[in-house]
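Below is work-v4.txt, which holds compact mmCIF, C-alpha atoms and all ligand atoms.
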# COMPACT_ATOMS: atom_id res chain seq x y z
CA MET A 1 -7.29 -16.25 -61.76
CA ALA A 2 -6.34 -18.59 -64.62
CA SER A 3 -7.57 -16.05 -67.21
CA ILE A 4 -4.40 -13.96 -66.71
CA TYR A 5 -2.37 -16.96 -67.89
CA SER A 6 -4.70 -17.91 -70.75
CA SER A 7 -4.56 -14.41 -72.32
CA PRO A 8 -5.42 -13.50 -74.94
CA ASN A 9 -8.97 -14.63 -74.16
CA PRO A 10 -11.91 -14.56 -76.60
CA VAL A 11 -14.23 -11.58 -76.82
CA THR A 12 -17.81 -11.63 -78.05
CA VAL A 13 -20.47 -8.98 -77.89
CA VAL A 14 -23.74 -10.60 -76.88
CA CYS A 15 -26.61 -8.80 -78.64
CA THR A 16 -30.09 -9.20 -77.18
CA LEU A 17 -33.45 -7.70 -78.01
CA LYS A 18 -34.88 -5.16 -75.55
CA PRO A 19 -38.66 -4.68 -75.12
CA ASP A 20 -38.51 -1.47 -77.21
CA GLY A 21 -36.96 -3.35 -80.17
CA THR A 22 -33.47 -1.91 -79.74
CA THR A 23 -30.39 -3.99 -78.92
CA ASN A 24 -28.54 -4.43 -75.65
CA LEU A 25 -24.82 -5.13 -76.00
CA ALA A 26 -22.69 -6.94 -73.42
CA THR A 27 -19.10 -8.10 -73.61
CA VAL A 28 -18.58 -11.79 -72.90
CA SER A 29 -15.40 -13.85 -72.89
CA TRP A 30 -16.84 -17.15 -71.70
CA TRP A 31 -18.20 -18.68 -74.87
CA THR A 32 -17.49 -21.82 -76.86
CA TYR A 33 -18.51 -23.92 -79.86
CA LEU A 34 -20.34 -27.06 -78.70
CA SER A 35 -21.48 -29.15 -81.69
CA TYR A 36 -21.14 -29.24 -85.50
CA ASN A 37 -24.34 -31.17 -86.13
CA PRO A 38 -26.59 -29.62 -85.12
CA GLU A 39 -24.52 -26.48 -84.94
CA MET A 40 -24.49 -25.27 -81.33
CA ILE A 41 -22.65 -22.79 -79.15
CA ALA A 42 -22.80 -21.78 -75.48
CA TYR A 43 -21.86 -18.83 -73.33
CA ALA A 44 -21.97 -18.07 -69.61
CA MET A 45 -23.25 -14.87 -68.04
CA ALA A 46 -23.67 -13.73 -64.45
CA LYS A 47 -27.18 -14.47 -63.13
CA THR A 48 -27.73 -10.74 -62.57
CA SER A 49 -26.98 -9.64 -66.16
CA TYR A 50 -29.65 -7.78 -68.10
CA SER A 51 -28.64 -9.68 -71.26
CA GLY A 52 -29.52 -12.92 -69.50
CA GLU A 53 -32.94 -11.62 -68.56
CA MET A 54 -33.58 -10.61 -72.19
CA VAL A 55 -32.51 -13.92 -73.74
CA ARG A 56 -34.49 -15.94 -71.20
CA GLN A 57 -37.51 -13.83 -72.15
CA ASN A 58 -37.43 -13.95 -75.95
CA LYS A 59 -35.07 -16.91 -76.67
CA LYS A 60 -33.12 -14.93 -79.28
CA VAL A 61 -29.51 -13.79 -79.21
CA VAL A 62 -26.74 -12.88 -81.64
CA LEU A 63 -23.10 -13.39 -80.65
CA THR A 64 -20.63 -11.24 -82.54
CA ILE A 65 -16.86 -11.10 -82.63
CA PRO A 66 -16.26 -7.35 -82.60
CA GLY A 67 -13.89 -5.67 -85.05
CA GLY A 68 -10.71 -3.78 -84.11
CA GLU A 69 -12.23 -0.33 -84.54
CA ILE A 70 -14.56 -0.61 -81.54
CA ALA A 71 -12.14 -1.81 -78.84
CA LYS A 72 -12.95 1.05 -76.44
CA GLU A 73 -16.68 0.69 -76.94
CA VAL A 74 -16.52 -3.06 -76.30
CA LEU A 75 -14.71 -2.43 -73.00
CA GLY A 76 -17.47 0.07 -72.18
CA CYS A 77 -20.20 -2.47 -72.93
CA GLY A 78 -18.49 -4.80 -70.46
CA SER A 79 -18.37 -2.20 -67.70
CA ILE A 80 -22.01 -1.15 -67.24
CA THR A 81 -25.36 -2.89 -67.34
CA GLY A 82 -27.94 -2.10 -69.99
CA ARG A 83 -30.76 -2.31 -67.45
CA ASN A 84 -31.15 1.49 -67.30
CA THR A 85 -28.67 2.66 -69.91
CA ASP A 86 -28.79 2.55 -73.70
CA LYS A 87 -25.21 1.47 -74.38
CA ILE A 88 -25.50 2.04 -78.14
CA ASN A 89 -26.21 5.75 -77.54
CA LYS A 90 -23.81 6.10 -74.65
CA PHE A 91 -20.86 4.70 -76.60
CA ASN A 92 -22.08 5.92 -79.99
CA ILE A 93 -21.86 2.49 -81.63
CA LYS A 94 -22.79 2.19 -85.32
CA MET A 95 -25.21 -0.68 -85.90
CA GLN A 96 -26.27 -2.81 -88.86
CA THR A 97 -29.26 -4.97 -89.71
CA LEU A 98 -28.85 -8.65 -90.55
CA GLU A 99 -31.04 -10.24 -93.19
CA ASN A 100 -32.70 -12.89 -91.05
CA SER A 101 -32.66 -11.43 -87.55
CA ASP A 102 -34.62 -8.71 -85.78
CA ILE A 103 -31.62 -8.04 -83.52
CA LYS A 104 -29.26 -5.37 -84.85
CA VAL A 105 -25.52 -5.87 -84.30
CA PRO A 106 -22.48 -3.57 -84.33
CA LEU A 107 -21.41 -2.53 -87.85
CA HIS A 108 -17.82 -3.45 -87.02
CA SER A 109 -18.23 -7.20 -86.50
CA ARG A 110 -16.00 -9.93 -87.91
CA VAL A 111 -18.64 -12.59 -87.31
CA ALA A 112 -22.29 -12.55 -86.27
CA ILE A 113 -23.75 -15.84 -85.06
CA VAL A 114 -27.54 -15.73 -84.97
CA CYS A 115 -28.85 -18.10 -82.29
CA GLU A 116 -31.97 -19.43 -80.68
CA LEU A 117 -31.78 -20.28 -76.98
CA LYS A 118 -32.26 -24.03 -76.46
CA GLU A 119 -31.88 -24.16 -72.70
CA PHE A 120 -29.99 -22.59 -69.84
CA VAL A 121 -28.26 -24.33 -66.96
CA GLU A 122 -27.34 -22.97 -63.55
CA VAL A 123 -23.57 -23.02 -63.02
CA GLY A 124 -22.66 -21.40 -59.70
CA ASP A 125 -23.17 -17.65 -59.98
CA HIS A 126 -23.68 -17.82 -63.76
CA TYR A 127 -26.15 -19.33 -66.18
CA LEU A 128 -24.79 -21.28 -69.13
CA TYR A 129 -26.85 -20.44 -72.23
CA ILE A 130 -26.92 -23.33 -74.73
CA CYS A 131 -27.97 -22.18 -78.19
CA ASN A 132 -28.78 -23.53 -81.64
CA VAL A 133 -27.02 -21.63 -84.43
CA LYS A 134 -29.43 -20.37 -87.10
CA GLU A 135 -27.22 -18.23 -89.38
CA VAL A 136 -23.60 -17.10 -89.56
CA TYR A 137 -22.47 -13.84 -91.22
CA GLY A 138 -18.74 -13.22 -91.63
CA ASN A 139 -16.61 -10.27 -92.73
CA LYS A 140 -12.89 -11.03 -93.08
CA ASN A 141 -12.09 -7.32 -93.50
CA GLU A 142 -12.73 -6.81 -89.79
CA GLU A 143 -9.90 -7.82 -87.45
CA ALA A 144 -11.04 -9.76 -84.37
CA LEU A 145 -10.65 -8.32 -80.88
CA PHE A 146 -9.32 -10.33 -77.94
CA ALA A 147 -9.04 -9.65 -74.20
CA PHE A 148 -5.53 -9.36 -72.77
CA ASN A 149 -4.20 -9.42 -69.23
CA GLY A 150 -7.28 -11.34 -68.11
CA TYR A 151 -10.14 -9.12 -69.23
CA SER A 152 -8.64 -5.69 -68.53
CA GLN A 153 -7.48 -4.75 -72.02
CA ILE A 154 -9.15 -5.26 -75.39
CA LYS A 155 -7.18 -5.12 -78.66
CA THR A 156 -6.37 -7.08 -81.79
CA THR A 157 -3.44 -9.50 -81.77
CA ASN A 158 -1.51 -7.06 -84.01
CA ASP A 159 -1.88 -3.98 -81.78
C1 LIG B 1 -13.40 -8.37 -71.59
C2 LIG B 1 -14.64 -8.65 -70.79
C3 LIG B 1 -15.15 -9.94 -70.74
C4 LIG B 1 -16.31 -10.24 -70.01
N1 LIG B 1 -16.77 -11.52 -69.99
C5 LIG B 1 -17.92 -11.81 -69.32
C6 LIG B 1 -18.44 -13.14 -69.32
O1 LIG B 1 -17.90 -14.05 -69.95
N2 LIG B 1 -19.60 -13.37 -68.64
C7 LIG B 1 -20.24 -12.37 -67.94
O2 LIG B 1 -21.26 -12.64 -67.29
N3 LIG B 1 -19.76 -11.11 -67.92
C8 LIG B 1 -18.63 -10.80 -68.61
N4 LIG B 1 -18.16 -9.52 -68.61
C9 LIG B 1 -18.88 -8.48 -67.83
C10 LIG B 1 -20.19 -8.06 -68.49
O3 LIG B 1 -19.97 -7.59 -69.81
C11 LIG B 1 -20.83 -6.92 -67.65
O4 LIG B 1 -21.24 -7.47 -66.41
C12 LIG B 1 -21.96 -6.19 -68.31
O5 LIG B 1 -22.23 -5.04 -67.54
C13 LIG B 1 -23.24 -7.00 -68.45
O6 LIG B 1 -24.16 -6.17 -69.10
P1 LIG B 1 -25.74 -6.40 -69.10
O7 LIG B 1 -26.21 -6.32 -67.65
O8 LIG B 1 -26.27 -5.27 -69.94
O9 LIG B 1 -26.01 -7.75 -69.67
C14 LIG B 1 -16.99 -9.19 -69.32
C15 LIG B 1 -16.49 -7.89 -69.38
C16 LIG B 1 -15.34 -7.61 -70.12
C17 LIG B 1 -14.82 -6.21 -70.17
Could you rewrite the structure in this file as structure tokens?
Ligand SMILES: Cc1cc2nc3c(=O)[nH]c(=O)nc-3n(C[C@H](O)[C@H](O)[C@H](O)COP(=O)(O)O)c2cc1C
Amino acid sequence: MASIYSSPNPVTVVCTLKPDGTTNLATVSWWTYLSYNPEMIAYAMAKTSYSGEMVRQNKKVVLTIPGGEIAKEVLGCGSITGRNTDKINKFNIKMQTLENSDIKVPLHSRVAIVCELKEFVEVGDHYLYICNVKEVYGNKNEEALFAFNGYSQIKTTND
């Protein structure tokens, strides 16, 4: 796969709202900026993902770039579905509230991009989620994580 050659690849944690008001976290590499004006981004997730089901239901999602301290946890969030498991408890991930969002995000985040789902498009075995950006929160003290060797390893570029 080309992703081995394009390493390091981006890493986001897609944060969606579950019916009980808590957050589901899923690791996603396939995301991109789309437009400055209006500000838009997109990401692709497997049709079967629980995150996809949640965002199609309530049209809200926050994409974060996770900080260096939660590399192991981010790999964990990319290895199991949140359909029957509370990943925040399982991986003991500290969360924070954002001012203008009812979706909590990991405390260790370099960026949190609060989005509203505009539309989703079928692309093979994935859906492409096209979103309007509502707010951006940044913290330069957190070092961004990337995926290496395809998607098998997660670390900062300085590790
Ligand atoms: C580094 C890494 C990158 C990933 N990138 C994607 C991606 O871009 N799209 C996707 O659908 N799944 C991706 N995954 C797999 C999902 O995170 C995984 O299927 C997860 O269990 C989905 O969780 P959910 O069912 O709770 O949404 C990635 C996993 C890892 C470890």
- [ ] Would you mind listing what lies within 6 Å of segment 48-60 of chain A as a VMD selection string, with all atoms listed in the file counted and same-chain residues fewer than 5 positions away left out?
- [x] chain A and resid 83 116 to 117
Task: Top pick for closest residue to Thr16 of chain A, considering A:Ser109, A:Thr156, A:Asn132, A:Thr64 and counting only C-alpha atoms - done: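 Under the stated criterion, the closest residue is A:Thr64.
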TODO: Take the point (-27.0, -9.7, -81.9) as written in the file and pick out every residue within 7 Å of it, counting all atoms listed in the file; give the list as a VMD selection string.
DONE: chain A and resid 14 to 16 61 to 64 103 to 105 114
With C-alpha atoms retained, export the selected residues as a PDB file, keeping the file's coordinate frame.
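Wrote result34.pdb, looks like this:
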ATOM      1  CA  VAL A  14     -23.740 -10.600 -76.880  1.00  0.00           C
ATOM      2  CA  CYS A  15     -26.610  -8.800 -78.640  1.00  0.00           C
ATOM      3  CA  THR A  16     -30.090  -9.200 -77.180  1.00  0.00           C
ATOM      4  CA  VAL A  61     -29.510 -13.790 -79.210  1.00  0.00           C
ATOM      5  CA  VAL A  62     -26.740 -12.880 -81.640  1.00  0.00           C
ATOM      6  CA  LEU A  63     -23.100 -13.390 -80.650  1.00  0.00           C
ATOM      7  CA  THR A  64     -20.630 -11.240 -82.540  1.00  0.00           C
ATOM      8  CA  ILE A 103     -31.620  -8.040 -83.520  1.00  0.00           C
ATOM      9  CA  LYS A 104     -29.260  -5.370 -84.850  1.00  0.00           C
ATOM     10  CA  VAL A 105     -25.520  -5.870 -84.300  1.00  0.00           C
ATOM     11  CA  VAL A 114     -27.540 -15.730 -84.970  1.00  0.00           C
TER      12      VAL A 114
END
Task: Surrounding residues as a count of residues only, ligand LIG 1 (chain B), max 7 Å, all atoms listed in the file - done: 31
Open item on the list: Quick check, in Å to one decimal: how far apart do atom CA of Gln96 of chain A and atom CA of Glu39 of chain A lie?
Closed with: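 For atom CA of Gln96 of chain A relative to atom CA of Glu39 of chain A, the distance reads 24.1 Å.
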Task: Selected residue, from A:Ser7, A:Leu34, A:Leu107, A:Asp159, that lies nearest to Gly138 of chain A when counting all atoms listed in the file - done: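 Using all atoms listed in the file, the shortest distance to Gly138 of chain A belongs to A:Leu107.
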Task: One-decimal distance in Å that lies between atom CA of Lys94 of chain A and atom CA of Tyr43 of chain A - done: 24.2 Å
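With atom CA of Phe120 of chain A on one side and atom CA of Asp86 of chain A on the other, the separation reads 25.5 Å.
Comparing the minimum interatomic distances between Thr23 of chain A and each of A:Lys47, A:Gly76, A:Ile93, A:Ile41, counting only C-alpha atoms, we find that A:Ile93 sits nearest.
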TODO: Mind checking which residues fall within 8 Å of Ile70 of chain A, counting all atoms listed in the file, ignoring those fewer than 4 positions away in the same chain, and posting them as a list in words?
DONE: Pro66, Val74, Ile93 and His108 of chain A
How about saving the chosen residues, C-alpha atoms kept, as a tab-separated table (two decimals), in the frame of the given file?
chain	number	residue	atom	x	y	z
A	66	PRO	CA	-16.26	-7.35	-82.60
A	74	VAL	CA	-16.52	-3.06	-76.30
A	93	ILE	CA	-21.86	2.49	-81.63
A	108	HIS	CA	-17.82	-3.45	-87.02
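Between Ile130 of chain A and the residues A:Ser35, A:Asn100, A:Asn9, A:Thr157, the shortest atom-to-atom distance, using all atoms listed in the file, involves A:Ser35.
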Open item on the list: Taking all atoms listed in the file into account, name the residue in A:Asn158, A:Ser6, A:Thr12, A:Thr32 that is nearest to Ala112 of chain A.
Closed with: A:Thr12
